[in-house]
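Student: The following block contains the structure, expressed as structure tokens.
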Amino acid sequence: MTPNTRRTTTRKKPRSALGVKSPIQRKLETVSVADFSERSYLNYSMYVVLDRALPHLTDGLKPVQRRIVYAMSELGLAATTKYKKSARTVGDVLGKFHPHGDSACYEAMVLMAQWFSFRYPLVDGQGNWGSQDDPRSFAAMRYTEARLSRFAEMLLSELGQGTVEWGLNFDGTLHEPKFLPARLPNVLLNGSSGIAVGMATDILPHNLREVVTACIRLLDNSRSSIEQLCEHIHGPDFPTAAEIITPSDEIRQIYRTGYGSIRQRAVWEEEAGNIVVSALPYQVSGERVIEQVAAQMTAKKLPIVDDIRDESDHENPTRLVIEPRSNRVDRGALMDHLFATTALEQSHRVNMNIIGLDGRPRVFDLKSLLKEWLNFRLTTVKRRLEFRLERVLKRLHVLDGLLIVYLNIDAVIRIIREEEKPKQALMKRFKLSDTQAESILELKLRHLARLEEMKINGEQHELTREKTELQKILKSRDRLKKVVREELLADAEDFGDERRSPLVKREAAQALSETALIPAEPITVVLSRKGWIRAAKGTEVNPRELSYRADDGYLHSGTGRTNQPLLCIDSTGRVYGLRSHELPSARGMGEPVGKQLKTPAGASFCGVMIGDNDSRYLLASDAGYGFVATFEELLTRNKSGKAVLSARGAGVLSPQRVFDYEDDWVCAITDSGRLLIFPLAELPLLSRGKGVKLVNIPASRYKSGEEKLAGIAVFREGDSLQLYAGKQHMRLKPSDVENFIGARAQRGRALPRGYKRPTAIEVIHE
């Protein structure tokens, strides 16, 4: 073959090209994506429902909890033994029974050890297992140690007595129980919660003694109604001592349907003027409550609270101290507000969705749950007694064979020494069974003493009596019920305790209104000429003596309380609402009024008004018109304000507080030096408008700027008036006031020389 010559090879065609399927192709199954997805999701859903999320009615445990308890028992971690590292337990659980995440397994173990999570803990922990304030603050599993609690042994005590079914673990190398032979209805005692696919469960914990008495009532009379069972089970019993405030009728309805919600409220008392919370609702941490209250305080929605702090310690696991701002704060009303707005009152959902004895999940009512558990318990006790009877019969059978040894000891010894197959010879000579012959051959020489024969006779007598008693119980359902009844009472005496969560009748909590939350502290609201506003504590403050900016000064002020609404009027006659308790302190310069308002361009603020809804104010323009308005009709929440006074190009004067509409007087002073005093009752009560003429100012003089209304004041009989004209001021005593009294809309009398250009008027209460 030459170098340039290419060798051509014929490739063999694949079998599929020839129409023949390969062995791999013959094993393939063609399935549509829809069918495959449906089947896979259904399998996953059933796994989540049955093997992860929902508890089983028999022992009230989820698979991971059951495996933890069983693995700890296999490690010998009884309640009386030494603690072992939690990592050892978690390792055994994952390696032998539960091949999932170690953190999830450890968290499940932690929950079973926390007294505030489980009503009757299954794990006795040593080390940091979290606190009620922060349940997830537990230490890593390499630091903590654990063993089973005494209550957990109640779930395991009958495990090796033929009471439960066993199955292979995940790799088929070990056996594990499908459920534990619980002597008490743990599904109600500790409760459970979980979310599966398309369903969930929320079972609240209950008191052991109450549940046991209800079980006995149902055991004695299977026709007992739910109402009769509720005479024993009054409601859930949480690990914490917070009050259950759900009415008894609603609780009974929950037990009838298996659905509903239970409301729980914190317990508090007054101590040295402060509020001390000593018990929180189930699964509520003090840290969470403090954050919620602090958030309201930061947002200035809870000004009646001065401070909240956590004083919890080992002696007082829960102690939250709420310090009101003053002694005038109603403690009961404050707590009602906190109950309505924080986790101090919590609602717990109830959904008694449980996997029943038939292996299917369903929602149980109270009677059906207890009845089915009692059927399980009766079956378990029956299996335990049958297992024991079988052991007794086997032992009696062995003892019968051993007695033959003592009756024919010489012949037995000779057969054992001389026969090549002594077992068959003994069976043939004395008509023994294989078990009896084997036990004889394993008998030690020292057991051939006369004393041992007496022990065997005594044991045979005791076992015969026990066999008779077991057979009587197994033949009579009433006797079987009696055994279950006595065991329930014994366990209730051993593990039972008093109710922790009291059932109390309480009124529904109502959040306080925004006005009620604000403390009623006296203040003086001060407005400057440049529109800066602030509030000084008390009503004895002289606003003219406060410090102002260099180009600013005092304009108007009003006295009231922090829980009263505040209004400001601008130069266009519009009124705006403000929060008086949110005003900055008078120690500073304040803040602009229009900071958060939408005012017309070029408008300035002219005065403030503060008071109750029935307060009245005199509103007027410098054109000499005005009216009296009720405070309630002026209120507005609109940031753009509310049009009240129709100025129509005239200037707006600072509003004046009315004390008594029938007896007060109005003082009107013009900048031309004329003063008029007339009864306030001559002015109409209006909600808006221009008003009526206060003082007669000729229209021509007003338009030309020669004369306008410089100021108004409302005063009572006996008050004095202080008139200002630049740096000069003049005081009109009550006796002098009479000289200027006239009728509304008159020109008024001229003031003395030197006061022809008055700028302001002020009332001095004598």
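By convention in this document, the chains of the structure tokens carry letters A, B, ... by their order, each chain's residues are numbered from 1, and ligands are numbered from 1 in the order they are shown.
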So which residues touch A:Ala411 within 10 Å, counting only C-alpha atoms, skipping near sequence neighbours fewer than 6 positions away, as a ChimeraX atom specification?
Tutor: /A:405,417,426,429
Student: Do you have the atom CA of A:Asp365-atom CA of A:Pro239 distance handy?
Tutor: 22.7 Å
Student: Using only C-alpha atoms, which of the listed residues (A:His337, A:Lys690, A:Arg674, A:Arg747) sits closest to A:Ala629?
Tutor: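 That would be A:Lys690, the residue with the smallest distance to A:Ala629.
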Student: In Å to one decimal, how far is atom CA of A:Leu188 from atom CA of A:Glu210?
Tutor: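 Those two atoms sit 10.7 Å apart.
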Student: What parts of stretch 489-602 of chain A does DSSP call helix (DSSP H, G or I)? I'd like the answer as a list in words.
Tutor: Leu489, Ala490, Asp491, Ala492, Glu493, Asp494, Phe495, Glu514, Thr515, Ala516, Leu517, Pro543, Arg544, Glu545, Ser580, His581, Glu582, Val593, Gly594, Lys595 and Gln596 of chain A
Student: Using only C-alpha atoms, which residues of stretch 469-575 of chain A come within 7 Å of stretch 591-597 of chain A, and what is the closest atom pair for each, with the distance in Å to one decimal? Give it as JSON lines, sorted by chain and residue number.
Tutor:
{"residue": "A:Gly531", "atom": "CA", "partner": "A:Pro592", "partner_atom": "CA", "distance": 5.7}
{"residue": "A:Trp532", "atom": "CA", "partner": "A:Pro592", "partner_atom": "CA", "distance": 4.4}
{"residue": "A:Ile533", "atom": "CA", "partner": "A:Glu591", "partner_atom": "CA", "distance": 5.6}
{"residue": "A:Arg534", "atom": "CA", "partner": "A:Glu591", "partner_atom": "CA", "distance": 6.9}
Student: Stretch 512-519 of chain A: which residues within 9 Å, counting only C-alpha atoms, same-chain residues fewer than 2 positions away excluded, as a PyMOL selection string?
Tutor: chain A and resi 301-304+325-326+328-329+333-334+336-338+340+510+521+561-565+581
Student: With only C-alpha atoms as the counted atoms, please give the residues lying no more than 12 Å from A:Met199, apart from itself and same-chain residues fewer than 6 positions off, as a list of chain:residue names.
Tutor: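 Near neighbours after the sequence-gap exclusion: A:Ser45, A:Met46, A:Val48, A:Val49, A:Leu50, A:Ala53, A:Leu54, A:Ser193, A:Asn351, A:Met352, A:Asn353, A:Ile354, A:Ile355, A:Pro361, A:Arg362, A:Val363.
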Student: Include N, CA and C atoms and write out the residues we just selected as a PDB file, in the first residue's frame.
Tutor:
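out.pdb was written with the following content:
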ATOM      1  N   SER A  45     -46.047  15.313  48.040  1.00  0.00           N
ATOM      2  CA  SER A  45     -47.067  15.829  48.947  1.00  0.00           C
ATOM      3  C   SER A  45     -47.374  14.824  50.047  1.00  0.00           C
ATOM      4  N   MET A  46     -47.520  13.566  49.691  1.00  0.00           N
ATOM      5  CA  MET A  46     -47.813  12.545  50.695  1.00  0.00           C
ATOM      6  C   MET A  46     -46.653  12.386  51.669  1.00  0.00           C
ATOM      7  N   VAL A  48     -44.552  14.809  52.575  1.00  0.00           N
ATOM      8  CA  VAL A  48     -44.564  15.965  53.476  1.00  0.00           C
ATOM      9  C   VAL A  48     -45.675  15.828  54.512  1.00  0.00           C
ATOM     10  N   VAL A  49     -46.839  15.362  54.073  1.00  0.00           N
ATOM     11  CA  VAL A  49     -47.978  15.252  54.985  1.00  0.00           C
ATOM     12  C   VAL A  49     -47.728  14.182  56.040  1.00  0.00           C
ATOM     13  N   LEU A  50     -47.309  12.996  55.613  1.00  0.00           N
ATOM     14  CA  LEU A  50     -47.231  11.857  56.521  1.00  0.00           C
ATOM     15  C   LEU A  50     -45.887  11.738  57.237  1.00  0.00           C
ATOM     16  N   ALA A  53     -44.736  16.919  58.378  1.00  0.00           N
ATOM     17  CA  ALA A  53     -45.416  18.090  58.928  1.00  0.00           C
ATOM     18  C   ALA A  53     -46.462  17.772  59.981  1.00  0.00           C
ATOM     19  N   LEU A  54     -47.197  16.671  59.831  1.00  0.00           N
ATOM     20  CA  LEU A  54     -48.337  16.413  60.717  1.00  0.00           C
ATOM     21  C   LEU A  54     -47.991  15.382  61.782  1.00  0.00           C
ATOM     22  N   SER A 193     -47.586  21.957  65.681  1.00  0.00           N
ATOM     23  CA  SER A 193     -47.874  22.877  64.584  1.00  0.00           C
ATOM     24  C   SER A 193     -47.015  22.490  63.393  1.00  0.00           C
ATOM     25  N   ASN A 351     -56.293  24.280  64.670  1.00  0.00           N
ATOM     26  CA  ASN A 351     -56.653  23.433  63.532  1.00  0.00           C
ATOM     27  C   ASN A 351     -56.181  22.025  63.871  1.00  0.00           C
ATOM     28  N   MET A 352     -57.070  21.237  64.448  1.00  0.00           N
ATOM     29  CA  MET A 352     -56.678  19.919  64.959  1.00  0.00           C
ATOM     30  C   MET A 352     -56.650  18.884  63.830  1.00  0.00           C
ATOM     31  N   ASN A 353     -55.709  19.104  62.908  1.00  0.00           N
ATOM     32  CA  ASN A 353     -55.504  18.221  61.765  1.00  0.00           C
ATOM     33  C   ASN A 353     -54.431  17.203  62.143  1.00  0.00           C
ATOM     34  N   ILE A 354     -54.817  15.931  62.244  1.00  0.00           N
ATOM     35  CA  ILE A 354     -53.933  14.893  62.787  1.00  0.00           C
ATOM     36  C   ILE A 354     -54.024  13.651  61.912  1.00  0.00           C
ATOM     37  N   ILE A 355     -52.936  12.899  61.839  1.00  0.00           N
ATOM     38  CA  ILE A 355     -52.945  11.603  61.154  1.00  0.00           C
ATOM     39  C   ILE A 355     -53.575  10.579  62.089  1.00  0.00           C
ATOM     40  N   PRO A 361     -54.789  11.832  57.255  1.00  0.00           N
ATOM     41  CA  PRO A 361     -54.976  13.065  58.030  1.00  0.00           C
ATOM     42  C   PRO A 361     -56.415  13.558  57.944  1.00  0.00           C
ATOM     43  N   ARG A 362     -56.929  14.042  59.055  1.00  0.00           N
ATOM     44  CA  ARG A 362     -58.250  14.664  59.075  1.00  0.00           C
ATOM     45  C   ARG A 362     -58.346  15.550  60.312  1.00  0.00           C
ATOM     46  N   VAL A 363     -59.333  16.425  60.300  1.00  0.00           N
ATOM     47  CA  VAL A 363     -59.556  17.343  61.408  1.00  0.00           C
ATOM     48  C   VAL A 363     -60.462  16.663  62.426  1.00  0.00           C
TER      49      VAL A 363
END
Student: Tell me which protein, DNA and RNA residues are within 9 Å of A:Arg67, counting only C-alpha atoms, leaving out same-chain ones fewer than 5 positions away, and put them as a PDB file with N, CA and C atoms, in the first residue's frame.
Tutor:
ATOM      1  N   LYS A  62     -44.098  14.102  65.437  1.00  0.00           N
ATOM      2  CA  LYS A  62     -43.716  14.035  64.042  1.00  0.00           C
ATOM      3  C   LYS A  62     -42.561  13.037  63.906  1.00  0.00           C
ATOM      4  N   MET A  72     -32.294   8.571  71.395  1.00  0.00           N
ATOM      5  CA  MET A  72     -31.769   8.853  72.734  1.00  0.00           C
ATOM      6  C   MET A  72     -31.983   7.659  73.658  1.00  0.00           C
ATOM      7  N   VAL A  93     -29.174  10.176  65.169  1.00  0.00           N
ATOM      8  CA  VAL A  93     -30.464  10.339  64.493  1.00  0.00           C
ATOM      9  C   VAL A  93     -30.265  10.429  62.987  1.00  0.00           C
ATOM     10  N   PHE A  97     -31.510   7.009  61.325  1.00  0.00           N
ATOM     11  CA  PHE A  97     -32.957   7.042  61.094  1.00  0.00           C
ATOM     12  C   PHE A  97     -33.448   8.215  60.250  1.00  0.00           C
ATOM     13  N   HIS A  98     -32.773   9.354  60.284  1.00  0.00           N
ATOM     14  CA  HIS A  98     -33.340  10.566  59.681  1.00  0.00           C
ATOM     15  C   HIS A  98     -32.279  11.277  58.847  1.00  0.00           C
ATOM     16  N   GLU A 176     -36.951   0.535  63.238  1.00  0.00           N
ATOM     17  CA  GLU A 176     -37.403   1.649  64.067  1.00  0.00           C
ATOM     18  C   GLU A 176     -38.913   1.541  64.261  1.00  0.00           C
ATOM     19  N   PRO A 177     -39.436   2.019  65.386  1.00  0.00           N
ATOM     20  CA  PRO A 177     -40.883   1.934  65.626  1.00  0.00           C
ATOM     21  C   PRO A 177     -41.634   2.921  64.742  1.00  0.00           C
TER      22      PRO A 177
END
Student: Figure out the distance between atom CA of A:His348 and atom CA of A:Ile262, please, to one decimal in Å.
Tutor: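 Between these atoms lies a distance of 5.1 Å.
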Student: Contacts of A:Ala536 at 8 Å or less, counting only C-alpha atoms, minus same-chain residues fewer than 6 places along, as a list in words?
Tutor: Ile523, Thr524, Val525, Val526, Ser585, Ala586 and Arg587 of chain A
Student: Looking at A:Gly558, A:His232, A:Gln126, A:Leu709, which one is nearest to A:Arg209, with distances taken over only C-alpha atoms?
Tutor: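 Between A:Gly558, A:His232, A:Gln126, A:Leu709, the residue approaching A:Arg209 most closely is A:His232.
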